[in-house]
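What follows is the content of start-v1.tsv, which has TSV, C-alpha atoms:
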```
chain	number	residue	atom	x	y	z
A	208	MET	CA	-129.24	-196.46	-154.25
A	209	SER	CA	-130.69	-194.63	-151.26
A	210	SER	CA	-128.99	-191.42	-150.16
A	211	ASP	CA	-127.91	-192.61	-146.69
A	212	GLU	CA	-125.84	-195.47	-148.10
A	213	VAL	CA	-122.13	-194.86	-147.83
A	214	VAL	CA	-120.57	-194.80	-151.25
A	215	ILE	CA	-117.21	-196.53	-151.43
A	216	ASP	CA	-115.52	-195.99	-154.74
A	217	ARG	CA	-112.58	-197.97	-156.09
A	218	ARG	CA	-109.96	-195.54	-154.79
A	219	LYS	CA	-111.44	-195.46	-151.32
A	220	PHE	CA	-111.77	-199.25	-151.22
A	221	LEU	CA	-108.14	-199.84	-152.23
A	222	SER	CA	-106.96	-197.26	-149.73
A	223	LEU	CA	-108.94	-198.91	-146.92
A	224	ALA	CA	-107.80	-202.38	-147.99
A	225	THR	CA	-104.16	-201.25	-147.94
A	226	TRP	CA	-104.55	-199.84	-144.45
A	227	ALA	CA	-106.35	-202.98	-143.26
A	228	ILE	CA	-103.59	-205.26	-144.57
A	229	GLY	CA	-101.02	-202.97	-142.99
A	230	VAL	CA	-102.76	-203.19	-139.62
A	231	LEU	CA	-102.98	-206.99	-139.93
A	232	ILE	CA	-99.27	-207.31	-140.70
A	233	GLY	CA	-98.46	-204.87	-137.90
A	234	ALA	CA	-100.48	-206.92	-135.40
A	235	GLY	CA	-99.03	-210.18	-136.77
A	236	MET	CA	-95.52	-208.87	-136.08
A	237	GLY	CA	-96.33	-206.74	-133.04
A	238	ILE	CA	-98.10	-209.29	-130.83
A	239	PRO	CA	-95.39	-212.00	-131.15
A	240	ALA	CA	-92.76	-209.27	-130.65
A	241	ILE	CA	-94.34	-208.24	-127.34
A	242	ALA	CA	-94.65	-211.89	-126.24
A	243	PHE	CA	-90.97	-212.38	-127.16
A	244	ILE	CA	-89.84	-209.42	-125.03
A	245	ILE	CA	-92.04	-210.04	-121.98
A	246	GLY	CA	-91.41	-213.82	-122.12
A	247	PRO	CA	-89.38	-214.02	-118.89
A	248	ALA	CA	-92.35	-212.62	-116.95
A	249	LEU	CA	-94.70	-215.23	-118.44
A	250	GLN	CA	-92.66	-218.27	-117.42
A	251	SER	CA	-93.87	-220.10	-114.33
A	252	GLU	CA	-91.71	-220.11	-111.25
A	253	GLU	CA	-89.31	-222.99	-110.78
A	254	GLU	CA	-90.83	-225.83	-108.84
A	255	GLN	CA	-89.64	-226.49	-105.34
A	256	VAL	CA	-87.57	-229.50	-104.44
A	257	TRP	CA	-86.38	-231.06	-101.19
A	258	ILE	CA	-82.80	-229.98	-100.56
A	259	ARG	CA	-80.67	-232.10	-98.24
A	260	LEU	CA	-78.90	-230.11	-95.50
A	261	GLY	CA	-77.15	-232.77	-93.46
A	262	SER	CA	-77.40	-234.92	-90.38
A	263	VAL	CA	-79.86	-234.06	-87.62
A	264	SER	CA	-77.16	-234.71	-85.02
A	265	LYS	CA	-75.23	-231.63	-86.17
A	266	VAL	CA	-77.93	-229.32	-84.85
A	267	ALA	CA	-77.05	-228.08	-81.38
A	268	LEU	CA	-79.93	-227.85	-78.94
A	269	GLY	CA	-81.25	-224.31	-78.54
A	270	VAL	CA	-78.65	-222.67	-80.79
A	271	PRO	CA	-79.22	-221.80	-84.47
A	272	THR	CA	-76.82	-223.97	-86.46
A	273	LEU	CA	-75.59	-222.98	-89.88
A	274	PHE	CA	-75.91	-225.44	-92.77
A	275	LYS	CA	-74.39	-224.73	-96.15
A	276	THR	CA	-75.53	-226.49	-99.26
A	277	THR	CA	-75.33	-225.96	-103.00
A	278	ILE	CA	-78.26	-226.19	-105.37
A	279	GLU	CA	-78.41	-226.10	-109.16
A	280	ARG	CA	-80.22	-223.13	-110.60
A	281	LYS	CA	-81.10	-222.68	-114.24
A	282	THR	CA	-81.21	-219.13	-115.59
A	283	GLY	CA	-81.97	-219.00	-119.29
A	284	TRP	CA	-79.70	-221.65	-120.84
A	285	ILE	CA	-77.08	-221.51	-118.08
A	286	VAL	CA	-77.00	-223.87	-115.10
A	287	ASN	CA	-75.29	-222.41	-112.05
A	288	GLU	CA	-74.40	-223.85	-108.69
A	289	GLU	CA	-75.72	-221.60	-105.99
A	290	GLN	CA	-74.77	-221.56	-102.31
A	291	ARG	CA	-77.62	-221.73	-99.83
A	292	SER	CA	-77.05	-221.06	-96.16
A	293	VAL	CA	-79.74	-222.05	-93.71
A	294	TYR	CA	-79.91	-221.68	-89.94
A	295	VAL	CA	-81.60	-224.63	-88.24
A	296	LEU	CA	-82.93	-224.30	-84.71
A	297	THR	CA	-84.33	-226.97	-82.43
A	298	GLU	CA	-85.28	-226.76	-78.79
A	299	ASP	CA	-86.05	-230.44	-78.22
A	300	GLY	CA	-84.25	-232.33	-80.98
A	301	ARG	CA	-87.53	-233.29	-82.64
A	302	ASP	CA	-89.09	-230.09	-84.03
A	303	PHE	CA	-86.87	-228.13	-86.36
A	304	VAL	CA	-87.11	-224.57	-87.66
A	305	ALA	CA	-85.11	-223.73	-90.79
A	306	MET	CA	-84.50	-220.05	-91.45
A	307	SER	CA	-83.01	-218.32	-94.46
A	308	ASN	CA	-79.91	-216.24	-93.72
A	309	VAL	CA	-81.13	-213.55	-96.14
A	310	CYS	CA	-82.11	-210.37	-94.35
A	311	THR	CA	-85.70	-209.40	-95.13
A	312	HIS	CA	-84.69	-205.75	-95.44
A	313	LEU	CA	-82.53	-205.60	-98.58
A	314	GLY	CA	-81.14	-209.10	-98.99
A	315	CYS	CA	-77.78	-208.99	-97.17
A	316	ARG	CA	-76.70	-212.07	-95.22
A	317	VAL	CA	-77.33	-212.22	-91.47
A	318	ARG	CA	-75.13	-214.10	-89.04
A	319	TRP	CA	-75.66	-215.52	-85.58
A	320	ILE	CA	-73.80	-213.65	-82.84
A	321	GLU	CA	-73.21	-216.22	-80.14
A	322	ASP	CA	-72.68	-214.05	-77.07
A	323	ARG	CA	-75.56	-211.65	-77.86
A	324	GLU	CA	-77.93	-214.46	-78.82
A	325	GLU	CA	-79.19	-212.63	-81.90
A	326	PHE	CA	-78.93	-212.60	-85.68
A	327	PHE	CA	-77.23	-209.49	-86.92
A	328	CYS	CA	-77.24	-207.96	-90.40
A	329	PRO	CA	-74.19	-205.73	-90.95
A	330	CYS	CA	-75.70	-203.71	-93.82
A	331	HIS	CA	-78.23	-201.63	-91.88
A	332	ASN	CA	-77.96	-203.05	-88.36
A	333	GLY	CA	-81.00	-205.28	-88.55
A	334	VAL	CA	-81.37	-207.54	-85.53
A	335	PHE	CA	-83.45	-210.75	-85.24
A	336	ASP	CA	-83.90	-213.02	-82.26
A	337	LYS	CA	-83.29	-216.76	-82.11
A	338	GLN	CA	-86.67	-217.51	-83.72
A	339	GLY	CA	-86.01	-215.04	-86.51
A	340	SER	CA	-88.38	-212.32	-85.27
A	341	VAL	CA	-87.33	-208.71	-85.77
A	342	VAL	CA	-85.84	-207.13	-82.67
A	343	ASP	CA	-84.32	-203.95	-84.03
A	344	GLY	CA	-83.55	-202.08	-87.21
A	345	PRO	CA	-85.26	-201.76	-90.59
A	346	PRO	CA	-86.29	-205.37	-91.49
A	347	PRO	CA	-90.03	-205.39	-92.29
A	348	ARG	CA	-90.71	-209.04	-91.39
A	349	PRO	CA	-89.13	-212.05	-89.64
A	350	LEU	CA	-86.54	-214.20	-91.41
A	351	ASP	CA	-88.10	-216.44	-94.07
A	352	ARG	CA	-88.65	-220.03	-93.03
A	353	TYR	CA	-88.39	-223.21	-95.03
A	354	GLU	CA	-90.59	-226.26	-94.70
A	355	VAL	CA	-88.52	-228.98	-92.99
A	356	LYS	CA	-88.63	-232.75	-93.04
A	357	VAL	CA	-86.47	-235.39	-91.42
A	358	GLU	CA	-85.81	-238.68	-93.15
A	359	ASP	CA	-83.36	-241.31	-91.88
A	360	ASP	CA	-81.86	-238.71	-89.52
A	361	LEU	CA	-81.20	-236.37	-92.41
A	362	LEU	CA	-82.59	-232.83	-92.60
A	363	TYR	CA	-84.29	-231.58	-95.77
A	364	ILE	CA	-85.77	-228.22	-96.64
A	365	LEU	CA	-88.22	-227.39	-99.39
A	366	GLY	CA	-86.81	-224.71	-101.69
A	367	GLY	CA	-86.16	-223.73	-105.27
B	116	MET	CA	-111.53	-183.14	-133.06
B	117	ALA	CA	-109.04	-185.54	-134.63
B	118	ALA	CA	-109.08	-183.40	-137.77
B	119	ARG	CA	-108.37	-180.27	-135.70
B	120	ILE	CA	-105.42	-181.94	-133.95
B	121	GLY	CA	-104.22	-183.14	-137.36
B	122	ASP	CA	-104.41	-179.61	-138.74
B	123	TRP	CA	-102.64	-178.16	-135.73
B	124	LEU	CA	-99.81	-180.68	-136.07
B	125	ASP	CA	-99.61	-180.23	-139.85
B	126	GLN	CA	-99.19	-176.47	-139.44
B	127	ARG	CA	-96.08	-177.24	-137.40
B	128	PHE	CA	-94.69	-180.37	-139.08
B	129	GLY	CA	-95.97	-179.99	-142.63
B	130	TRP	CA	-96.21	-183.77	-142.85
B	131	ARG	CA	-99.13	-183.74	-145.28
B	132	SER	CA	-97.02	-182.39	-148.10
B	133	VAL	CA	-94.38	-185.01	-147.27
B	134	TRP	CA	-97.02	-187.73	-147.29
B	135	GLN	CA	-98.31	-186.35	-150.59
B	136	ALA	CA	-94.83	-186.34	-152.14
B	137	VAL	CA	-93.89	-189.83	-150.94
B	138	PHE	CA	-97.07	-191.90	-151.10
B	139	LEU	CA	-99.50	-190.01	-153.33
B	140	ARG	CA	-97.05	-189.08	-156.11
B	141	LYS	CA	-98.01	-189.83	-159.69
B	142	ILE	CA	-96.44	-192.91	-161.24
B	143	PRO	CA	-96.58	-194.23	-164.79
B	144	LYS	CA	-98.75	-197.25	-165.55
B	145	VAL	CA	-96.47	-200.18	-164.74
B	146	ASN	CA	-96.79	-203.91	-164.00
B	147	TRP	CA	-96.25	-206.18	-161.02
B	148	TRP	CA	-92.51	-206.51	-161.69
B	149	TYR	CA	-92.24	-202.92	-160.51
B	150	THR	CA	-93.30	-203.92	-156.98
B	151	LEU	CA	-90.14	-205.96	-156.32
B	152	GLY	CA	-88.29	-202.99	-154.81
B	153	SER	CA	-91.13	-202.39	-152.34
B	154	ALA	CA	-91.18	-206.11	-151.55
B	155	THR	CA	-87.45	-205.97	-150.80
B	156	LEU	CA	-88.00	-202.94	-148.57
B	157	PHE	CA	-90.75	-204.77	-146.70
B	158	VAL	CA	-88.52	-207.78	-146.02
B	159	ALA	CA	-85.67	-205.43	-145.03
B	160	ILE	CA	-87.94	-203.89	-142.37
B	161	ASN	CA	-88.88	-207.41	-141.24
B	162	GLN	CA	-85.16	-208.25	-140.92
B	163	GLY	CA	-84.55	-205.09	-138.91
B	164	VAL	CA	-87.41	-205.68	-136.47
B	165	THR	CA	-86.80	-209.41	-135.94
B	166	GLY	CA	-83.02	-208.87	-135.82
B	167	ILE	CA	-83.31	-206.27	-133.05
B	168	LEU	CA	-85.61	-208.63	-131.14
B	169	LEU	CA	-83.15	-211.52	-131.48
B	170	THR	CA	-80.32	-209.47	-129.94
B	171	THR	CA	-82.31	-209.27	-126.69
B	172	TYR	CA	-81.55	-212.98	-126.12
B	173	TYR	CA	-78.64	-213.90	-128.41
B	174	VAL	CA	-75.11	-213.91	-126.96
B	175	PRO	CA	-72.27	-213.76	-129.53
B	176	THR	CA	-69.65	-215.88	-127.77
B	177	PRO	CA	-68.58	-219.46	-128.59
B	178	ASP	CA	-69.76	-220.79	-125.22
B	179	HIS	CA	-73.22	-219.19	-125.42
B	180	ALA	CA	-74.14	-218.54	-129.07
B	181	TYR	CA	-75.49	-221.99	-129.91
B	182	GLU	CA	-77.31	-222.51	-126.62
B	183	SER	CA	-78.80	-219.02	-126.56
B	184	ILE	CA	-80.27	-219.67	-130.02
B	185	GLN	CA	-81.63	-223.06	-128.88
B	186	TYR	CA	-83.16	-221.22	-125.95
B	187	ILE	CA	-84.77	-218.66	-128.28
B	188	THR	CA	-86.18	-221.39	-130.52
B	189	THR	CA	-87.52	-223.71	-127.82
B	190	GLN	CA	-88.16	-221.63	-124.68
B	191	VAL	CA	-88.93	-217.99	-125.52
B	192	PRO	CA	-92.59	-217.27	-126.44
B	193	ALA	CA	-92.84	-216.81	-130.23
B	194	GLY	CA	-89.07	-217.28	-130.37
B	195	TRP	CA	-89.41	-219.90	-133.10
B	196	LEU	CA	-91.47	-217.39	-135.10
B	197	ILE	CA	-89.13	-214.41	-134.66
B	198	ARG	CA	-86.07	-216.51	-135.49
B	199	GLY	CA	-87.91	-218.21	-138.37
B	200	LEU	CA	-88.92	-214.86	-139.87
B	201	HIS	CA	-85.31	-213.66	-139.65
B	202	HIS	CA	-83.91	-216.91	-141.07
B	203	TRP	CA	-86.28	-217.20	-144.04
B	204	GLY	CA	-86.39	-213.44	-144.50
B	205	ALA	CA	-82.63	-213.56	-145.11
B	206	SER	CA	-83.07	-215.86	-148.09
B	207	ALA	CA	-86.05	-213.86	-149.35
B	208	MET	CA	-83.95	-210.71	-149.08
B	209	VAL	CA	-81.24	-212.01	-151.42
B	210	MET	CA	-83.75	-213.40	-153.93
B	211	LEU	CA	-85.90	-210.26	-154.00
B	212	THR	CA	-82.88	-207.98	-154.31
B	213	VAL	CA	-81.59	-209.95	-157.31
B	214	LEU	CA	-85.04	-210.11	-158.96
B	215	HIS	CA	-85.48	-206.37	-158.41
B	216	MET	CA	-82.09	-205.78	-160.05
B	217	LEU	CA	-83.01	-207.98	-163.03
B	218	ARG	CA	-86.19	-205.98	-163.57
B	219	VAL	CA	-84.20	-202.74	-163.54
B	220	ILE	CA	-81.80	-204.23	-166.10
B	221	VAL	CA	-84.58	-205.53	-168.37
B	222	ALA	CA	-86.55	-202.27	-168.18
B	223	GLY	CA	-83.37	-200.25	-168.73
B	224	ALA	CA	-84.26	-198.21	-165.66
B	225	TYR	CA	-80.60	-197.62	-164.73
B	226	LYS	CA	-80.17	-194.95	-167.47
B	227	PHE	CA	-80.13	-191.15	-167.17
B	228	PRO	CA	-81.22	-189.63	-164.81
B	229	ARG	CA	-81.25	-192.71	-162.59
B	230	GLU	CA	-77.57	-193.73	-162.62
B	231	MET	CA	-77.08	-192.87	-158.93
B	232	THR	CA	-80.17	-194.89	-157.99
B	233	TRP	CA	-78.52	-197.82	-159.80
B	234	PHE	CA	-75.12	-197.34	-158.16
B	235	THR	CA	-76.59	-197.17	-154.66
B	236	GLY	CA	-78.63	-200.25	-155.58
B	237	VAL	CA	-75.50	-202.18	-156.58
B	238	LEU	CA	-73.86	-201.24	-153.28
B	239	LEU	CA	-77.04	-202.30	-151.47
B	240	LEU	CA	-76.80	-205.73	-153.13
B	241	ILE	CA	-73.26	-206.09	-151.72
B	242	VAL	CA	-74.53	-205.01	-148.28
B	243	VAL	CA	-77.32	-207.62	-148.46
B	244	LEU	CA	-74.83	-210.35	-149.35
B	245	GLY	CA	-72.63	-209.13	-146.48
B	246	PHE	CA	-75.59	-209.51	-144.12
B	247	GLY	CA	-76.10	-213.05	-145.38
B	248	PHE	CA	-72.43	-213.97	-145.00
B	249	THR	CA	-71.97	-212.54	-141.49
B	250	GLY	CA	-75.37	-213.73	-140.26
B	251	TYR	CA	-74.69	-217.29	-141.34
B	252	LEU	CA	-71.94	-217.70	-138.73
B	253	LEU	CA	-73.96	-216.45	-135.77
B	254	PRO	CA	-75.79	-219.73	-134.86
B	255	TRP	CA	-72.27	-221.16	-134.29
B	256	ASP	CA	-73.23	-224.70	-135.32
B	257	GLN	CA	-71.28	-227.04	-137.59
B	258	LYS	CA	-72.81	-225.61	-140.76
B	259	ALA	CA	-72.05	-222.06	-139.69
B	260	TYR	CA	-68.50	-222.88	-138.62
B	261	TRP	CA	-67.50	-224.70	-141.80
B	262	ALA	CA	-69.33	-222.35	-144.15
B	263	THR	CA	-67.36	-219.48	-142.67
B	264	THR	CA	-64.13	-221.49	-142.76
B	265	VAL	CA	-64.69	-222.03	-146.48
B	266	GLY	CA	-66.00	-218.51	-147.16
B	267	THR	CA	-63.06	-216.77	-145.54
B	268	ARG	CA	-60.65	-219.17	-147.27
B	269	ILE	CA	-62.15	-218.19	-150.62
B	270	ALA	CA	-61.48	-214.54	-149.79
B	271	GLY	CA	-58.00	-215.67	-148.76
B	272	VAL	CA	-56.98	-216.81	-152.26
B	273	THR	CA	-56.99	-213.18	-153.47
B	274	PRO	CA	-53.55	-212.56	-155.06
B	275	PHE	CA	-50.94	-210.78	-152.89
B	276	ILE	CA	-53.28	-209.51	-150.15
B	277	GLY	CA	-55.28	-212.73	-149.63
B	278	ASP	CA	-53.56	-213.79	-146.42
B	279	TRP	CA	-54.04	-210.32	-145.01
B	280	ILE	CA	-57.77	-210.30	-145.88
B	281	LEU	CA	-58.21	-213.74	-144.33
B	282	LYS	CA	-56.66	-212.59	-141.06
B	283	ILE	CA	-58.79	-209.44	-140.98
B	284	MET	CA	-61.99	-211.41	-141.60
B	285	ARG	CA	-61.18	-214.06	-139.01
B	286	GLY	CA	-59.52	-211.74	-136.53
B	287	GLY	CA	-56.52	-214.09	-136.52
B	288	GLU	CA	-55.33	-217.30	-138.13
B	289	GLY	CA	-58.32	-219.52	-137.37
B	290	LEU	CA	-61.98	-219.19	-136.49
B	291	SER	CA	-62.40	-218.16	-132.87
B	292	ALA	CA	-64.35	-216.03	-130.44
B	293	VAL	CA	-62.77	-213.04	-132.17
B	294	THR	CA	-64.29	-214.13	-135.49
B	295	LEU	CA	-67.74	-214.55	-133.98
B	296	ALA	CA	-67.59	-211.19	-132.22
B	297	ARG	CA	-66.51	-209.29	-135.35
B	298	PHE	CA	-69.07	-211.03	-137.54
B	299	PHE	CA	-71.73	-210.10	-134.99
B	300	GLY	CA	-70.52	-206.50	-134.77
B	301	THR	CA	-70.48	-206.22	-138.55
B	302	HIS	CA	-73.92	-207.80	-138.79
B	303	VAL	CA	-75.65	-205.56	-136.24
B	304	TRP	CA	-73.73	-202.27	-136.48
B	305	ILE	CA	-71.61	-201.71	-139.58
B	306	LEU	CA	-73.94	-203.23	-142.17
B	307	PRO	CA	-77.20	-201.79	-140.79
B	308	LEU	CA	-75.74	-198.27	-140.69
B	309	THR	CA	-74.40	-198.65	-144.22
B	310	LEU	CA	-77.76	-200.00	-145.32
B	311	ILE	CA	-79.65	-197.07	-143.81
B	312	LEU	CA	-77.40	-194.52	-145.53
B	313	LEU	CA	-77.56	-196.24	-148.93
B	314	LEU	CA	-81.25	-197.07	-148.71
B	315	GLY	CA	-82.08	-193.51	-147.64
B	316	THR	CA	-80.29	-192.19	-150.72
B	317	HIS	CA	-81.88	-194.87	-152.93
B	318	LEU	CA	-85.42	-194.04	-151.76
B	319	TYR	CA	-84.84	-190.28	-151.87
B	320	LEU	CA	-83.83	-190.58	-155.52
B	321	ILE	CA	-86.86	-192.73	-156.33
B	322	VAL	CA	-89.21	-190.15	-154.80
B	323	ARG	CA	-87.34	-187.20	-156.33
B	324	ILE	CA	-86.95	-188.53	-159.88
B	325	GLY	CA	-89.96	-190.85	-159.99
B	326	ILE	CA	-89.90	-194.35	-161.40
B	327	SER	CA	-89.32	-195.08	-165.07
B	328	SER	CA	-92.20	-196.18	-167.28
B	329	VAL	CA	-92.29	-199.53	-169.07
B	330	PRO	CA	-90.13	-199.13	-172.19
B	331	LYS	CA	-91.84	-199.44	-175.59
B	332	LYS	CA	-90.47	-201.06	-178.74
B	333	GLY	CA	-88.30	-198.72	-180.77
B	334	GLU	CA	-87.50	-196.39	-177.87
```
Spell out the structure here as structure tokens.
Amino acid sequence: MSSDEVVIDRRKFLSLATWAIGVLIGAGMGIPAIAFIIGPALQSEEEQVWIRLGSVSKVALGVPTLFKTTIERKTGWIVNEEQRSVYVLTEDGRDFVAMSNVCTHLGCRVRWIEDREEFFCPCHNGVFDKQGSVVDGPPPRPLDRYEVKVEDDLLYILGG
Amino acid sequence: MAARIGDWLDQRFGWRSVWQAVFLRKIPKVNWWYTLGSATLFVAINQGVTGILLTTYYVPTPDHAYESIQYITTQVPAGWLIRGLHHWGASAMVMLTVLHMLRVIVAGAYKFPREMTWFTGVLLLIVVLGFGFTGYLLPWDQKAYWATTVGTRIAGVTPFIGDWILKIMRGGEGLSAVTLARFFGTHVWILPLTLILLLGTHLYLIVRIGISSVPKKGE
């Protein structure tokens, strides 16, 4: 045996083997445990579906019109009905803009103030114009828009 | 560097002497039957870890218990594994505990000066069976429901105080949300704390007294 060879005696070998098995078991338990805990962050987002809002004829020309609809949302093993409110605007009766009523600041609900011709958020006085652009207050970006389609005179938005 | 940090910490914690006393203590030459206690301890740790993980998804109410467990098994990453380890570990726990006890009986290891190790061990067996009984209800399926109906009824035939015991176990006349909640509370709080106290004593005594050697003929 040459002198630079590492000598591993029985005691040392058993000690190392015990540690190695311990590390293996620890990893075997630890990795699934981490996956188990962080699971919700690994799941893919819910896919988007076309949600029916209502008849096109309900939308007034040049005035954001409020549509309320309920969608089913699954969280964990529980299915909930969730209210969705959407403002639909059209200038010519053919092109439609659907805007979320959720303020882009901190998620309160905005409402259309008829005589001031603006959306107003009561939480921190955020103001948006008819198109949803920010006019005043803390909101960082315009109101979120949905993709819209019209089928058989019915309005649909793409959402999840 | 690592050795220097180790030394620095050891001067403050003195963990090397503890390590020495717990893991490097001298033991008599024994056989594989003497590893059953360690095997039970290993599975107990498995039950603790997987059990804590399961509580991060499980909901102990009649309208959510079953579905939350289905969710764990089918939707949560490694959920089937964590639940499976806990489920099969429960059976392994009871078997290993009983085998460990049989070895102690056969080797006569319960005698002086180890009587207290034996007594805490007997109580630990009851705790393990309690874990099994309370845990069995938690999936809230047909098997769980009727097993607990029968199990509590058996306790209910105790003379004089049977009816009283039955009502305490069920939290009322029949099985309900109250039963599920108290079985869950017992399973995750009362029994684990009792286990830790008893097991701590049990292990302290093993380290302090040392394990018995294999008895010889004529002793």
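The shortest atom-to-atom distance to chain A, with all atoms listed in the file taken into account, belongs to B:Val164 out of B:Val164, B:Val145, B:Gly152, B:Arg119.
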Contacts of Val317 in chain A at 8 Å or less, counting all atoms listed in the file, minus same-chain residues fewer than 2 places along, as a VMD selection string? chain A and resid 308 to 310 315 319 326 to 329
Neighbour residues at most 8 Å from (-83.3, -228.4, -104.9) (only C-alpha atoms) as a VMD selection string: chain A and resid 255 to 258 278 to 279 365 to 367
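Between CA of Val295 in chain A and CA of Thr272 in chain A the separation is 5.1 Å.
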Counting only C-alpha atoms, which residues have an atom no more than 10 Å from (-88.4, -223.3, -94.8) in the file's coordinates? Please list them as a compact mmCIF listing (two decimals) with C-alpha atoms, keeping the file's coordinate frame.
```txt
# COMPACT_ATOMS: atom_id res chain seq x y z
CA VAL A 293 -79.74 -222.05 -93.71
CA TYR A 294 -79.91 -221.68 -89.94
CA VAL A 295 -81.60 -224.63 -88.24
CA PHE A 303 -86.87 -228.13 -86.36
CA VAL A 304 -87.11 -224.57 -87.66
CA ALA A 305 -85.11 -223.73 -90.79
CA MET A 306 -84.50 -220.05 -91.45
CA SER A 307 -83.01 -218.32 -94.46
CA LEU A 350 -86.54 -214.20 -91.41
CA ASP A 351 -88.10 -216.44 -94.07
CA ARG A 352 -88.65 -220.03 -93.03
CA TYR A 353 -88.39 -223.21 -95.03
CA GLU A 354 -90.59 -226.26 -94.70
CA VAL A 355 -88.52 -228.98 -92.99
CA LYS A 356 -88.63 -232.75 -93.04
CA TYR A 363 -84.29 -231.58 -95.77
CA ILE A 364 -85.77 -228.22 -96.64
CA LEU A 365 -88.22 -227.39 -99.39
CA GLY A 366 -86.81 -224.71 -101.69
```
Contact set, chain B to chain A: 8 Å, all atoms listed in the file, as a PyMOL selection string: chain B and resi 165+168+171+182-183+186+191-194+196-197
Give the padded box for range 273-281 of chain A as lines of an AutoDock Vina configuration file: axis-aligned, covering all atoms listed in the file, 6 Å on each side, centre and edge lengths in Å to one decimal.
```
center_x = -77.7
center_y = -224.6
center_z = -102.1
size_x = 18.7
size_y = 15.8
size_z = 36.4
```
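Interatomic distance, CA of Phe298 in chain B to CA of Phe275 in chain B: 23.8 Å.
A straight line drawn from CA of Glu321 in chain A to CA of Ser292 in chain A is 17.2 Å long.
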Excluding Val334 in chain A and its own-chain neighbours fewer than 3 positions away, which residues fall within 12 Å of it when counting all atoms listed in the file? Please give them as a ChimeraX atom specification. /A:310-312,316-320,323-331,337-350
List the neighbours of Phe246 in chain B out to 8 Å using only C-alpha atoms; skip same-chain residues closer than 4 positions along the sequence, and give me the result as a PDB file with C-alpha atoms, keeping the file's coordinate frame.
```pdb
ATOM      1  CA  VAL B 242     -74.530-205.010-148.280  1.00  0.00           C
ATOM      2  CA  GLY B 250     -75.370-213.730-140.260  1.00  0.00           C
ATOM      3  CA  HIS B 302     -73.920-207.800-138.790  1.00  0.00           C
ATOM      4  CA  LEU B 306     -73.940-203.230-142.170  1.00  0.00           C
TER       5      LEU B 306
END
```
Taking 4 positions as the minimum chain separation for residues in the same chain, which residues sit within 12 Å of Ile241 in chain B when counting all atoms listed in the file? Answer as a list in words. Met208, Val209, Thr212, Val213, Phe234, Thr235, Gly236, Val237, Gly245, Phe246, Gly247, Phe248, Leu306, Thr309, Leu310 and Leu313 of chain B
